[in-house]
>>> print(open('protein12.txt').read())   # compact mmCIF, C-alpha atoms
# COMPACT_ATOMS: atom_id res chain seq x y z
CA MET C 212 2.08 22.76 3.52
CA SER C 213 0.92 26.33 3.70
CA THR C 214 -0.90 26.90 0.41
CA PRO C 215 -4.17 25.05 -0.02
CA LEU C 216 -4.07 22.89 -3.12
CA SER C 217 -6.85 21.96 -5.43
CA LEU C 218 -7.18 18.26 -6.08
CA SER C 219 -5.90 18.60 -9.62
CA ASP C 220 -2.68 20.15 -8.33
CA LEU C 221 -1.78 17.05 -6.42
CA ASP C 222 0.71 14.75 -8.02
CA LEU C 223 0.12 11.49 -6.29
CA PRO C 224 1.18 8.90 -5.28
CA ARG C 225 4.61 10.51 -5.55
CA ARG C 226 3.84 13.61 -3.56
CA ASN C 227 5.27 12.03 -0.44
CA GLY C 228 8.59 11.81 -2.16
CA GLU C 229 8.71 8.13 -2.89
CA LEU C 230 8.48 6.28 -6.16
CA VAL C 231 6.21 3.27 -6.19
CA PHE C 232 8.77 1.11 -8.02
CA GLU C 233 12.50 1.61 -8.12
CA ALA C 234 13.21 -0.59 -11.14
CA PRO C 235 11.23 -2.12 -14.00
CA TRP C 236 11.63 -5.67 -12.67
CA GLN C 237 9.83 -4.62 -9.49
CA SER C 238 6.75 -3.43 -11.34
CA THR C 239 6.92 -6.55 -13.51
CA VAL C 240 6.95 -8.93 -10.56
CA PHE C 241 4.21 -6.90 -8.86
CA GLY C 242 2.06 -7.19 -11.98
CA LEU C 243 2.86 -10.89 -12.39
CA ALA C 244 1.65 -11.61 -8.88
CA ALA C 245 -1.53 -9.65 -9.55
CA ALA C 246 -2.05 -11.64 -12.76
CA VAL C 247 -1.60 -14.96 -10.95
CA VAL C 248 -3.94 -13.90 -8.14
CA ASP C 249 -6.58 -12.84 -10.66
CA ASN C 250 -6.22 -15.59 -13.22
CA ALA C 251 -5.13 -18.66 -11.25
CA PHE C 252 -6.67 -18.00 -7.81
CA GLY C 253 -9.91 -16.26 -8.74
CA GLY C 254 -8.83 -13.01 -7.08
CA ASP C 255 -8.06 -14.66 -3.71
CA ARG C 256 -4.94 -12.88 -2.45
CA GLU C 257 -4.49 -15.02 0.64
CA PRO C 258 -2.38 -17.83 -0.91
CA PHE C 259 0.09 -15.24 -2.17
CA ARG C 260 0.07 -13.41 1.14
CA GLN C 261 0.93 -16.63 2.96
CA GLN C 262 3.86 -17.21 0.61
CA LEU C 263 5.02 -13.63 1.14
CA ILE C 264 4.90 -14.04 4.91
CA LYS C 265 6.99 -17.22 4.60
CA ALA C 266 9.46 -15.60 2.23
CA ILE C 267 9.96 -12.59 4.51
CA ALA C 268 10.29 -14.78 7.60
CA ALA C 269 12.84 -16.98 5.86
CA GLU C 270 15.16 -14.05 5.10
CA PRO C 271 14.07 -10.99 7.02
CA ALA C 272 16.88 -8.81 5.72
CA ARG C 273 16.31 -9.64 2.06
CA PRO C 274 15.12 -6.68 -0.03
CA TYR C 275 11.35 -6.57 -0.15
CA TRP C 276 10.78 -7.09 -3.87
CA GLU C 277 13.21 -10.02 -3.83
CA SER C 278 11.10 -11.64 -1.13
CA TRP C 279 8.07 -10.87 -3.27
CA THR C 280 9.79 -12.66 -6.18
CA ALA C 281 10.58 -15.68 -4.00
CA ALA C 282 6.96 -15.74 -2.83
CA LEU C 283 5.66 -15.69 -6.38
CA GLU C 284 8.07 -18.47 -7.38
CA ALA C 285 6.80 -20.57 -4.48
CA LEU C 286 3.18 -19.83 -5.34
CA VAL C 287 3.69 -20.74 -8.97
CA GLY C 288 5.22 -24.00 -7.76
CA THR C 289 1.87 -24.88 -6.18
CA LEU C 290 -0.05 -24.47 -9.43
CA PRO C 291 -1.12 -27.67 -11.14
CA GLU C 292 1.01 -28.65 -14.12
CA ARG C 293 -0.25 -27.34 -17.37
CA PRO C 294 -2.30 -29.99 -19.14
CA ALA C 295 -0.49 -31.60 -22.03
CA PRO C 296 -1.43 -30.02 -25.35
CA MET K 179 10.33 -5.92 -20.96
CA SER K 180 11.96 -2.82 -22.36
CA GLU K 181 15.71 -2.81 -22.63
CA LYS K 182 17.71 -0.56 -20.40
CA GLY K 183 20.26 1.58 -22.24
CA HIS K 184 20.53 2.09 -25.95
CA HIS K 185 23.65 0.30 -27.10
CA HIS K 186 25.01 -1.63 -24.16
CA PRO K 187 22.18 -2.97 -22.03
CA ALA K 188 23.38 -3.81 -18.55
CA PRO K 189 23.53 -7.54 -17.91
CA LEU K 190 20.54 -8.78 -15.97
CA SER K 191 20.98 -9.21 -12.24
CA PRO K 192 20.03 -12.59 -10.72
CA VAL K 193 16.66 -11.32 -9.55
CA GLU K 194 15.96 -9.79 -12.96
CA HIS K 195 16.68 -13.18 -14.50
CA ARG K 196 14.25 -14.83 -12.10
CA VAL K 197 11.53 -12.30 -12.85
CA ALA K 198 12.08 -12.70 -16.58
CA ALA K 199 11.77 -16.48 -16.18
CA LEU K 200 8.54 -16.07 -14.20
CA GLU K 201 7.18 -13.73 -16.82
CA ALA K 202 7.99 -16.16 -19.61
CA LEU K 203 6.50 -19.13 -17.76
CA LEU K 204 3.31 -17.36 -16.71
CA THR K 205 2.81 -15.81 -20.12
CA GLU K 206 3.23 -19.21 -21.75
CA ARG K 207 0.60 -20.60 -19.41
CA GLY K 208 -1.82 -17.91 -20.47
CA LEU K 209 -2.01 -16.22 -17.06
CA VAL K 210 -0.74 -12.79 -18.14
CA PRO K 211 -3.04 -11.07 -20.60
CA GLU K 212 -1.45 -8.78 -23.16
CA GLY K 213 -0.78 -5.36 -21.63
CA PHE K 214 -1.80 -6.45 -18.12
CA ILE K 215 1.47 -5.55 -16.40
CA GLU K 216 1.77 -2.20 -18.14
CA GLU K 217 -1.79 -1.31 -17.17
CA ILE K 218 -1.55 -2.29 -13.52
CA THR K 219 1.80 -0.52 -13.19
CA ARG K 220 0.34 2.61 -14.72
CA ARG K 221 -2.62 2.52 -12.34
CA TYR K 222 -0.50 2.16 -9.20
CA GLU K 223 2.01 4.75 -10.39
CA SER K 224 -0.45 7.42 -11.41
CA GLU K 225 -4.02 6.73 -10.28
CA ILE K 226 -4.22 4.78 -7.07
CA GLY K 227 -2.51 6.54 -4.22
CA PRO K 228 -2.85 8.59 -1.07
CA LEU K 229 -5.00 11.18 -2.81
CA ASN K 230 -7.85 8.70 -2.59
CA GLY K 231 -7.42 8.41 1.16
CA ALA K 232 -7.07 12.18 1.44
CA LYS K 233 -10.47 12.57 -0.23
CA VAL K 234 -11.99 10.13 2.25
CA VAL K 235 -10.48 12.00 5.20
CA ALA K 236 -11.57 15.40 3.87
CA ARG K 237 -15.12 14.15 3.37
CA ALA K 238 -15.18 12.81 6.92
CA TRP K 239 -13.98 16.16 8.26
CA ALA K 240 -16.56 18.08 6.23
CA ASP K 241 -19.55 15.80 6.69
CA PRO K 242 -20.32 14.37 10.16
CA GLY K 243 -22.81 11.89 8.70
CA TYR K 244 -20.12 10.53 6.39
CA LYS K 245 -17.67 10.30 9.26
CA GLU K 246 -20.17 8.25 11.23
CA ARG K 247 -20.67 5.87 8.30
CA LEU K 248 -16.93 5.69 7.73
CA LEU K 249 -16.20 4.63 11.28
CA ALA K 250 -19.11 2.18 11.32
CA ASP K 251 -18.31 0.48 7.99
CA GLY K 252 -15.12 1.68 6.37
CA THR K 253 -15.39 -0.48 3.27
CA ALA K 254 -18.89 0.74 2.40
CA ALA K 255 -18.19 4.40 3.12
CA ILE K 256 -14.97 4.33 1.09
CA ALA K 257 -16.88 2.68 -1.76
CA GLU K 258 -19.28 5.64 -1.70
CA LEU K 259 -16.39 7.70 -3.08
CA GLY K 260 -15.68 5.06 -5.71
CA PHE K 261 -12.66 3.43 -4.10
CA GLY K 262 -12.30 -0.32 -3.66
CA GLY K 263 -10.54 -3.35 -5.02
CA PRO K 264 -7.58 -5.51 -4.05
CA GLU K 265 -6.47 -5.18 -0.43
CA GLY K 266 -9.49 -3.05 0.36
CA ASP K 267 -12.09 -5.71 1.00
CA HIS K 268 -12.38 -5.09 4.71
CA MET K 269 -11.40 -1.55 5.63
CA VAL K 270 -11.48 -0.37 9.20
CA VAL K 271 -11.04 3.34 9.84
CA VAL K 272 -9.71 4.38 13.24
CA ALA K 273 -10.09 7.98 14.34
CA ASN K 274 -7.45 9.99 16.18
CA THR K 275 -8.67 12.14 19.04
CA PRO K 276 -6.83 14.47 21.41
CA ALA K 277 -6.44 11.47 23.74
CA VAL K 278 -5.82 8.63 21.27
CA HIS K 279 -3.29 8.29 18.46
CA ASN K 280 -3.64 5.38 16.06
CA VAL K 281 -0.84 3.89 13.97
CA VAL K 282 -0.89 1.02 11.48
CA VAL K 283 1.66 -1.72 10.89
CA CYS K 284 1.81 -5.15 9.29
CA THR K 285 4.08 -7.26 11.43
CA LEU K 286 4.14 -10.32 9.16
CA CYS K 287 4.45 -8.87 5.69
CA SER K 288 3.23 -5.67 4.08
CA CYS K 289 -0.59 -5.56 4.25
CA TYR K 290 -1.73 -2.07 3.42
CA PRO K 291 -4.96 -0.47 2.16
CA TRP K 292 -4.10 -0.18 -1.53
CA PRO K 293 -7.35 1.46 -2.75
CA VAL K 294 -6.90 4.47 -0.49
CA LEU K 295 -3.11 4.71 -0.02
CA GLY K 296 -1.62 2.95 -3.05
CA LEU K 297 1.35 0.68 -2.46
CA PRO K 298 3.24 0.96 0.82
CA PRO K 299 6.40 3.03 1.22
CA SER K 300 9.62 1.07 1.58
CA TRP K 301 10.05 1.77 5.31
CA TYR K 302 6.61 0.26 5.99
CA LYS K 303 7.84 -3.04 4.53
CA ASP K 304 11.19 -3.05 6.32
CA PRO K 305 11.90 -5.18 9.40
CA PRO K 306 12.71 -2.30 11.80
CA TYR K 307 9.32 -0.64 11.32
CA ARG K 308 7.41 -3.92 11.45
CA ALA K 309 9.09 -4.97 14.68
CA ARG K 310 9.59 -1.72 16.51
CA MET K 311 6.16 -0.15 16.01
CA VAL K 312 4.73 -2.91 18.18
CA ARG K 313 7.58 -3.03 20.70
CA GLU K 314 8.35 0.65 21.18
CA PRO K 315 5.86 2.87 19.36
CA TRP K 316 6.70 5.97 21.42
CA ALA K 317 10.38 5.87 20.54
CA LEU K 318 9.84 4.96 16.90
CA LEU K 319 7.21 7.63 16.34
CA ALA K 320 9.50 10.22 17.88
CA GLU K 321 12.35 9.10 15.60
CA MET K 322 10.02 9.39 12.62
CA GLY K 323 9.30 13.00 13.51
CA CYS K 324 6.05 12.40 15.35
CA PRO K 325 6.71 12.82 19.08
CA LEU K 326 3.53 12.50 21.12
CA PRO K 327 2.58 14.10 24.41
CA GLY K 328 2.95 11.73 27.32
CA ASP K 329 -0.76 11.63 28.07
CA VAL K 330 -1.78 10.37 24.64
CA GLU K 331 -2.66 6.70 24.30
CA ILE K 332 -1.06 5.02 21.27
CA ARG K 333 -3.07 2.26 19.62
CA VAL K 334 -1.08 0.07 17.23
CA TRP K 335 -3.18 -1.79 14.66
CA ASP K 336 -1.61 -4.87 13.12
CA SER K 337 -3.04 -5.53 9.68
CA SER K 338 -4.25 -9.09 9.43
CA ALA K 339 -5.37 -11.42 6.68
CA GLU K 340 -8.64 -9.61 6.18
CA VAL K 341 -8.47 -6.21 7.81
CA ARG K 342 -6.79 -3.14 6.38
CA TYR K 343 -6.65 -0.08 8.61
CA LEU K 344 -6.75 3.60 7.72
CA VAL K 345 -6.12 6.32 10.28
CA LEU K 346 -8.50 9.28 10.31
CA PRO K 347 -6.27 12.16 11.46
CA GLN K 348 -7.62 15.00 13.54
CA ARG K 349 -8.73 18.00 11.54
CA PRO K 350 -6.12 20.72 11.98
CA PRO K 351 -7.23 23.85 13.81
CA GLY K 352 -7.87 26.93 11.69
CA THR K 353 -9.31 25.00 8.74
CA GLU K 354 -12.96 25.81 9.39
CA GLY K 355 -13.43 27.87 6.23
CA MET K 356 -11.76 25.42 3.87
CA THR K 357 -13.47 23.55 1.08
CA GLU K 358 -13.30 19.78 0.93
CA ALA K 359 -10.73 19.97 -1.87
CA GLU K 360 -8.58 22.31 0.18
CA LEU K 361 -8.88 20.01 3.17
CA ALA K 362 -7.80 17.03 1.06
CA GLY K 363 -4.67 18.96 0.16
CA LEU K 364 -3.68 19.00 3.82
CA VAL K 365 -3.83 15.26 4.31
CA THR K 366 -0.56 13.38 3.96
CA ARG K 367 0.00 9.70 3.41
CA ASP K 368 1.97 9.43 6.64
CA SER K 369 -0.87 10.95 8.66
CA MET K 370 -3.17 8.21 7.37
CA ILE K 371 -0.69 5.51 8.41
CA GLY K 372 -0.36 7.24 11.76
CA VAL K 373 3.32 8.15 11.68
CA ALA K 374 2.60 11.86 11.37
CA ARG K 375 0.13 14.35 12.81
CA LEU K 376 -1.33 17.25 10.91
>>> encode(input="protein12.txt", output="structure tokens")
Amino acid sequence: MSTPLSLSDLDLPRRNGELVFEAPWQSTVFGLAAAVVDNAFGGDREPFRQQLIKAIAAEPARPYWESWTAALEALVGTLPERPAP
Amino acid sequence: MSEKGHHHPAPLSPVEHRVAALEALLTERGLVPEGFIEEITRRYESEIGPLNGAKVVARAWADPGYKERLLADGTAAIAELGFGGPEGDHMVVVANTPAVHNVVVCTLCSCYPWPVLGLPPSWYKDPPYRARMVREPWALLAEMGCPLPGDVEIRVWDSSAEVRYLVLPQRPPGTEGMTEAELAGLVTRDSMIGVARL
């Protein structure tokens, strides 16, 4: 990088050549996990992190966002059943 | 979710089906507010990223008092610049010196300082990086284009449940006259993970 840039010139977070999400389902499952953390666990990320560690350990070669999906499925399985209407 | 394609949407893959089922279930249970996913995606795609970390690094280079605060209490000093939130609750900033090179990994999953670097790059989440950075940092750093002189000590920081690390790279020589904004333009994401030097 030879020319100094002003902050407004910077196009981040893509400037390092990598998209954040490669497909819409990845951003969806990312957002779903964030919603569950916020709205079912009071912002505590640790229960999801523990599920993600387990999901990655179970199938280390599985693509990352698929492990993320498995972790969210497992976490959702720990939620109490919805009260009957 | 929006449909892919105009006339012949591709059939959903198994994982897309699973995500759609999760979305339906969680929405039905009232856990996904209207517009939540679109908003958080937009923020991580266009607002929250390595530029935040670059601003922190540039401030530390330009202001010795800030650097001192940053190394003493990363979370508080980063909050001074307005950055905080998920995965940034306990930030520890580790400074490179001529004798010490720091590099960050998460061996168990993908812990990463979101408020200052955004979401992690794919290689950070992949098994080879997670395993090899601990086992053979010299070789891996060299493969990643960051060979280090033999007399430099490499410190590998494994992100844990609470702590998220950010590397403070050394200020490049010849940048004495630069403004803070110009300095921020020099700072790369990889240098703040520790897999590149400036």
>>> interface_residues(input="protein12.txt", of="chain K", to="chain C", cutoff="7 Å", atoms="only C-alpha atoms", output="PDB file with C-alpha atoms, in the coordinates of the input")
ATOM      1  CA  VAL K 193      16.660 -11.320  -9.550  1.00  0.00           C
ATOM      2  CA  GLU K 194      15.960  -9.790 -12.960  1.00  0.00           C
ATOM      3  CA  VAL K 197      11.530 -12.300 -12.850  1.00  0.00           C
ATOM      4  CA  GLU K 201       7.180 -13.730 -16.820  1.00  0.00           C
ATOM      5  CA  LEU K 209      -2.010 -16.220 -17.060  1.00  0.00           C
ATOM      6  CA  VAL K 210      -0.740 -12.790 -18.140  1.00  0.00           C
ATOM      7  CA  ILE K 215       1.470  -5.550 -16.400  1.00  0.00           C
ATOM      8  CA  ILE K 218      -1.550  -2.290 -13.520  1.00  0.00           C
ATOM      9  CA  THR K 219       1.800  -0.520 -13.190  1.00  0.00           C
ATOM     10  CA  GLU K 223       2.010   4.750 -10.390  1.00  0.00           C
ATOM     11  CA  SER K 224      -0.450   7.420 -11.410  1.00  0.00           C
ATOM     12  CA  GLY K 227      -2.510   6.540  -4.220  1.00  0.00           C
ATOM     13  CA  PRO K 228      -2.850   8.590  -1.070  1.00  0.00           C
ATOM     14  CA  LEU K 229      -5.000  11.180  -2.810  1.00  0.00           C
ATOM     15  CA  LEU K 286       4.140 -10.320   9.160  1.00  0.00           C
ATOM     16  CA  CYS K 287       4.450  -8.870   5.690  1.00  0.00           C
ATOM     17  CA  GLY K 296      -1.620   2.950  -3.050  1.00  0.00           C
ATOM     18  CA  LEU K 297       1.350   0.680  -2.460  1.00  0.00           C
ATOM     19  CA  PRO K 299       6.400   3.030   1.220  1.00  0.00           C
ATOM     20  CA  LYS K 303       7.840  -3.040   4.530  1.00  0.00           C
ATOM     21  CA  PRO K 305      11.900  -5.180   9.400  1.00  0.00           C
ATOM     22  CA  ALA K 359     -10.730  19.970  -1.870  1.00  0.00           C
ATOM     23  CA  GLU K 360      -8.580  22.310   0.180  1.00  0.00           C
ATOM     24  CA  GLY K 363      -4.670  18.960   0.160  1.00  0.00           C
ATOM     25  CA  LEU K 364      -3.680  19.000   3.820  1.00  0.00           C
ATOM     26  CA  ARG K 367       0.000   9.700   3.410  1.00  0.00           C
TER      27      ARG K 367
END
>>> atom_distance(input="protein12.txt", atom1="CA of Tyr307 (chain K)", atom2="CA of Ile371 (chain K)")
12.1 Å
>>> residues_around(input="protein12.txt", residues="Leu346 (chain K)", least_positions_apart="2", cutoff="12 Å", atoms="only C-alpha atoms", output="JSON, numbers by chain")
{"K": [231, 232, 233, 234, 235, 236, 237, 238, 239, 245, 246, 248, 249, 252, 270, 271, 272, 273, 274, 275, 278, 279, 280, 281, 282, 294, 343, 344, 348, 349, 350, 365, 366, 367, 368, 369, 370, 371, 372, 373, 374, 375, 376]}
>>> atom_distance(input="protein12.txt", atom1="CA of Asp241 (chain K)", atom2="CA of Pro276 (chain K)")
19.5 Å
>>> atom_distance(input="protein12.txt", atom1="CA of Val283 (chain K)", atom2="CA of Val312 (chain K)")
8.0 Å
>>> build_atoms(input="protein12.txt", residues="region 315-327 of chain K", atoms="N, CA and C atoms", output="PDB file, keeping the file's coordinate frame")
ATOM      1  N   PRO K 315       6.469   1.863  20.242  1.00  0.00           N
ATOM      2  CA  PRO K 315       5.860   2.870  19.360  1.00  0.00           C
ATOM      3  C   PRO K 315       6.238   4.305  19.730  1.00  0.00           C
ATOM      4  N   TRP K 316       6.362   4.589  21.024  1.00  0.00           N
ATOM      5  CA  TRP K 316       6.700   5.970  21.420  1.00  0.00           C
ATOM      6  C   TRP K 316       8.030   6.389  20.824  1.00  0.00           C
ATOM      7  N   ALA K 317       9.037   5.520  21.017  1.00  0.00           N
ATOM      8  CA  ALA K 317      10.380   5.870  20.540  1.00  0.00           C
ATOM      9  C   ALA K 317      10.417   5.945  19.030  1.00  0.00           C
ATOM     10  N   LEU K 318       9.775   4.974  18.366  1.00  0.00           N
ATOM     11  CA  LEU K 318       9.840   4.960  16.900  1.00  0.00           C
ATOM     12  C   LEU K 318       9.107   6.158  16.314  1.00  0.00           C
ATOM     13  N   LEU K 319       7.939   6.471  16.857  1.00  0.00           N
ATOM     14  CA  LEU K 319       7.210   7.630  16.340  1.00  0.00           C
ATOM     15  C   LEU K 319       8.018   8.912  16.523  1.00  0.00           C
ATOM     16  N   ALA K 320       8.673   9.028  17.651  1.00  0.00           N
ATOM     17  CA  ALA K 320       9.500  10.220  17.880  1.00  0.00           C
ATOM     18  C   ALA K 320      10.635  10.278  16.859  1.00  0.00           C
ATOM     19  N   GLU K 321      11.259   9.129  16.597  1.00  0.00           N
ATOM     20  CA  GLU K 321      12.350   9.100  15.600  1.00  0.00           C
ATOM     21  C   GLU K 321      11.840   9.464  14.216  1.00  0.00           C
ATOM     22  N   MET K 322      10.583   9.108  13.938  1.00  0.00           N
ATOM     23  CA  MET K 322      10.020   9.390  12.620  1.00  0.00           C
ATOM     24  C   MET K 322       9.466  10.816  12.532  1.00  0.00           C
ATOM     25  N   GLY K 323       9.716  11.602  13.561  1.00  0.00           N
ATOM     26  CA  GLY K 323       9.300  13.000  13.510  1.00  0.00           C
ATOM     27  C   GLY K 323       7.895  13.222  14.032  1.00  0.00           C
ATOM     28  N   CYS K 324       7.409  12.284  14.835  1.00  0.00           N
ATOM     29  CA  CYS K 324       6.050  12.400  15.350  1.00  0.00           C
ATOM     30  C   CYS K 324       6.050  12.147  16.866  1.00  0.00           C
ATOM     31  N   PRO K 325       6.722  13.015  17.629  1.00  0.00           N
ATOM     32  CA  PRO K 325       6.710  12.820  19.080  1.00  0.00           C
ATOM     33  C   PRO K 325       5.318  13.119  19.622  1.00  0.00           C
ATOM     34  N   LEU K 326       4.877  12.320  20.591  1.00  0.00           N
ATOM     35  CA  LEU K 326       3.530  12.500  21.120  1.00  0.00           C
ATOM     36  C   LEU K 326       3.593  12.925  22.584  1.00  0.00           C
ATOM     37  N   PRO K 327       2.645  13.737  22.991  1.00  0.00           N
ATOM     38  CA  PRO K 327       2.580  14.100  24.410  1.00  0.00           C
ATOM     39  C   PRO K 327       2.400  12.852  25.269  1.00  0.00           C
TER      40      PRO K 327
END
